[in-house]
Amino acid sequence: MRRRVYEILQAPLEKFLQQCEQSHYQGSGPGGQHRNRVKTGVRLHHRDFPHLFAEECNSRIGHENLLGAVDKLKIGIATSVTKPSSSDAEVTERIGEEKLPFPGTNGRVNPSNPLYPVFIAQVMDLLVTHHAELKVNKHISFFLSTHD
């Protein structure tokens, strides 16, 4: 399954969107007529992760909301960590041996970098491989505890 996660996260935008179900809705709140009368809000569900969805309606422009929802969904997929199965062992071993591609400079991670979700997935895999307990809340905050 983790191999599939990496394929999903590295897929080009068009291919990623083909794997998703999209729905559009009317955003609420301030923003004038365009926001309140046009369905610019975007909700995405990935077919392989039916329990995950991402919504975005911060912009008056539908395409910007789509890109924001894609970013949120990819982070959700990257952080949906389970214990690796035996078939995932080679993936986690390979990740442990490789130098992780750091999507940033000077020790700062730039979330707008396309490699950011892949980097997050690799970090999560390393944590799980080394028996760290990970809990993710709805705001994608991380609470770690290690088991000795």
# chains A, B, ... in the order shown; residues from 1 in each chain; ligands from 1

call {"tool": "residues_around", "arguments": {"residues": "range 11-21 of chain A", "least_positions_apart": "5", "cutoff": "6 Å", "atoms": "only C-alpha atoms", "output": "list of chain:residue names"}}
result
A:Leu44, A:His45, A:His46, A:Arg47

call {"tool": "residues_around", "arguments": {"residues": "Pro114 in chain A", "least_positions_apart": "4", "cutoff": "9 Å", "atoms": "only C-alpha atoms", "output": "ChimeraX atom specification"}}
result
/A:9-10,71,103,118

call {"tool": "residues_around", "arguments": {"residues": "Glu64 in chain A", "least_positions_apart": "6", "cutoff": "12 Å", "atoms": "only C-alpha atoms", "output": "MDAnalysis selection string"}}
result
chainID A and resid 40:42 55:58 70:71

call {"tool": "write_last_selection", "arguments": {"atoms": "C-alpha atoms", "output": "short mmCIF file (atom, residue, chain, number, x, y, z; two decimals), in the first residue's frame"}}
result
data_model
loop_
_atom_site.label_atom_id
_atom_site.label_comp_id
_atom_site.auth_asym_id
_atom_site.auth_seq_id
_atom_site.Cartn_x
_atom_site.Cartn_y
_atom_site.Cartn_z
CA THR A 40 -16.03 27.95 -6.59
CA GLY A 41 -15.56 25.75 -3.50
CA VAL A 42 -13.97 22.36 -4.23
CA GLU A 55 -12.16 21.08 0.87
CA GLU A 56 -11.07 24.52 -0.18
CA CYS A 57 -13.12 27.67 -0.68
CA ASN A 58 -10.76 30.46 0.41
CA VAL A 70 -5.19 18.90 -4.00
CA ASP A 71 -2.42 20.06 -1.64
#

call {"tool": "atom_distance", "arguments": {"atom1": "CA of Val123 in chain A", "atom2": "CA of Leu66 in chain A"}}
result
25.9 Å

call {"tool": "select_by_dssp", "arguments": {"residues": "range 19-70 of chain A", "states": "strand (DSSP E or B)", "output": "PyMOL selection string"}}
result
chain A and resi 20-25+41-46+49-56

call {"tool": "write_last_selection", "arguments": {"atoms": "N, CA and C atoms", "output": "PDB file, in the first residue's frame"}}
result
ATOM      1  N   CYS A  20      -9.510  11.075  -8.552  1.00  0.00           N
ATOM      2  CA  CYS A  20     -10.324  11.719  -7.517  1.00  0.00           C
ATOM      3  C   CYS A  20     -11.754  11.958  -7.999  1.00  0.00           C
ATOM      4  N   GLU A  21     -12.633  12.068  -7.033  1.00  0.00           N
ATOM      5  CA  GLU A  21     -13.996  12.509  -7.299  1.00  0.00           C
ATOM      6  C   GLU A  21     -14.079  13.958  -6.830  1.00  0.00           C
ATOM      7  N   GLN A  22     -14.539  14.826  -7.709  1.00  0.00           N
ATOM      8  CA  GLN A  22     -14.639  16.256  -7.408  1.00  0.00           C
ATOM      9  C   GLN A  22     -16.092  16.653  -7.264  1.00  0.00           C
ATOM     10  N   SER A  23     -16.322  17.560  -6.336  1.00  0.00           N
ATOM     11  CA  SER A  23     -17.622  18.217  -6.294  1.00  0.00           C
ATOM     12  C   SER A  23     -17.374  19.688  -6.002  1.00  0.00           C
ATOM     13  N   HIS A  24     -18.262  20.494  -6.506  1.00  0.00           N
ATOM     14  CA  HIS A  24     -18.119  21.938  -6.333  1.00  0.00           C
ATOM     15  C   HIS A  24     -19.309  22.445  -5.532  1.00  0.00           C
ATOM     16  N   TYR A  25     -19.062  23.444  -4.712  1.00  0.00           N
ATOM     17  CA  TYR A  25     -20.116  23.980  -3.871  1.00  0.00           C
ATOM     18  C   TYR A  25     -19.952  25.477  -3.728  1.00  0.00           C
ATOM     19  N   GLY A  41     -16.115  26.655  -4.514  1.00  0.00           N
ATOM     20  CA  GLY A  41     -15.559  25.746  -3.504  1.00  0.00           C
ATOM     21  C   GLY A  41     -15.360  24.363  -4.105  1.00  0.00           C
ATOM     22  N   VAL A  42     -14.305  23.671  -3.671  1.00  0.00           N
ATOM     23  CA  VAL A  42     -13.974  22.359  -4.226  1.00  0.00           C
ATOM     24  C   VAL A  42     -13.856  21.347  -3.086  1.00  0.00           C
ATOM     25  N   ARG A  43     -14.436  20.182  -3.296  1.00  0.00           N
ATOM     26  CA  ARG A  43     -14.303  19.054  -2.369  1.00  0.00           C
ATOM     27  C   ARG A  43     -13.749  17.883  -3.164  1.00  0.00           C
ATOM     28  N   LEU A  44     -12.662  17.286  -2.680  1.00  0.00           N
ATOM     29  CA  LEU A  44     -12.006  16.165  -3.365  1.00  0.00           C
ATOM     30  C   LEU A  44     -12.004  14.923  -2.483  1.00  0.00           C
ATOM     31  N   HIS A  45     -12.262  13.768  -3.097  1.00  0.00           N
ATOM     32  CA  HIS A  45     -12.124  12.449  -2.468  1.00  0.00           C
ATOM     33  C   HIS A  45     -11.232  11.626  -3.382  1.00  0.00           C
ATOM     34  N   HIS A  46     -10.208  10.989  -2.837  1.00  0.00           N
ATOM     35  CA  HIS A  46      -9.397  10.078  -3.642  1.00  0.00           C
ATOM     36  C   HIS A  46     -10.022   8.689  -3.562  1.00  0.00           C
ATOM     37  N   PHE A  49      -8.605   6.254  -1.035  1.00  0.00           N
ATOM     38  CA  PHE A  49      -8.708   6.675   0.362  1.00  0.00           C
ATOM     39  C   PHE A  49     -10.088   7.298   0.602  1.00  0.00           C
ATOM     40  N   PRO A  50     -11.135   6.476   0.608  1.00  0.00           N
ATOM     41  CA  PRO A  50     -12.488   7.027   0.709  1.00  0.00           C
ATOM     42  C   PRO A  50     -12.770   7.726   2.033  1.00  0.00           C
ATOM     43  N   HIS A  51     -11.986   7.441   3.066  1.00  0.00           N
ATOM     44  CA  HIS A  51     -12.201   8.084   4.356  1.00  0.00           C
ATOM     45  C   HIS A  51     -11.602   9.487   4.414  1.00  0.00           C
ATOM     46  N   LEU A  52     -10.821   9.862   3.412  1.00  0.00           N
ATOM     47  CA  LEU A  52     -10.190  11.181   3.377  1.00  0.00           C
ATOM     48  C   LEU A  52     -10.877  12.079   2.360  1.00  0.00           C
ATOM     49  N   PHE A  53     -10.978  13.349   2.688  1.00  0.00           N
ATOM     50  CA  PHE A  53     -11.440  14.328   1.720  1.00  0.00           C
ATOM     51  C   PHE A  53     -10.785  15.656   2.059  1.00  0.00           C
ATOM     52  N   ALA A  54     -10.760  16.536   1.092  1.00  0.00           N
ATOM     53  CA  ALA A  54     -10.206  17.875   1.290  1.00  0.00           C
ATOM     54  C   ALA A  54     -11.155  18.879   0.677  1.00  0.00           C
ATOM     55  N   GLU A  55     -11.306  19.997   1.355  1.00  0.00           N
ATOM     56  CA  GLU A  55     -12.160  21.081   0.865  1.00  0.00           C
ATOM     57  C   GLU A  55     -11.354  22.367   0.832  1.00  0.00           C
ATOM     58  N   GLU A  56     -11.699  23.203  -0.107  1.00  0.00           N
ATOM     59  CA  GLU A  56     -11.069  24.525  -0.182  1.00  0.00           C
ATOM     60  C   GLU A  56     -12.079  25.491  -0.777  1.00  0.00           C
TER      61      GLU A  56
END

call {"tool": "atom_distance", "arguments": {"atom1": "CA of Gln26 in chain A", "atom2": "CA of Ser59 in chain A"}}
result
11.5 Å

call {"tool": "closest_residue", "arguments": {"among": "A:Leu115, A:Val38, A:Ile61, A:Val109", "to": "Ile8 in chain A", "atoms": "only C-alpha atoms"}}
result
A:Leu115

call {"tool": "closest_residue", "arguments": {"among": "A:Arg3, A:Thr129, A:Tyr116, A:Met124", "to": "Lys74 in chain A", "atoms": "only C-alpha atoms"}}
result
A:Tyr116
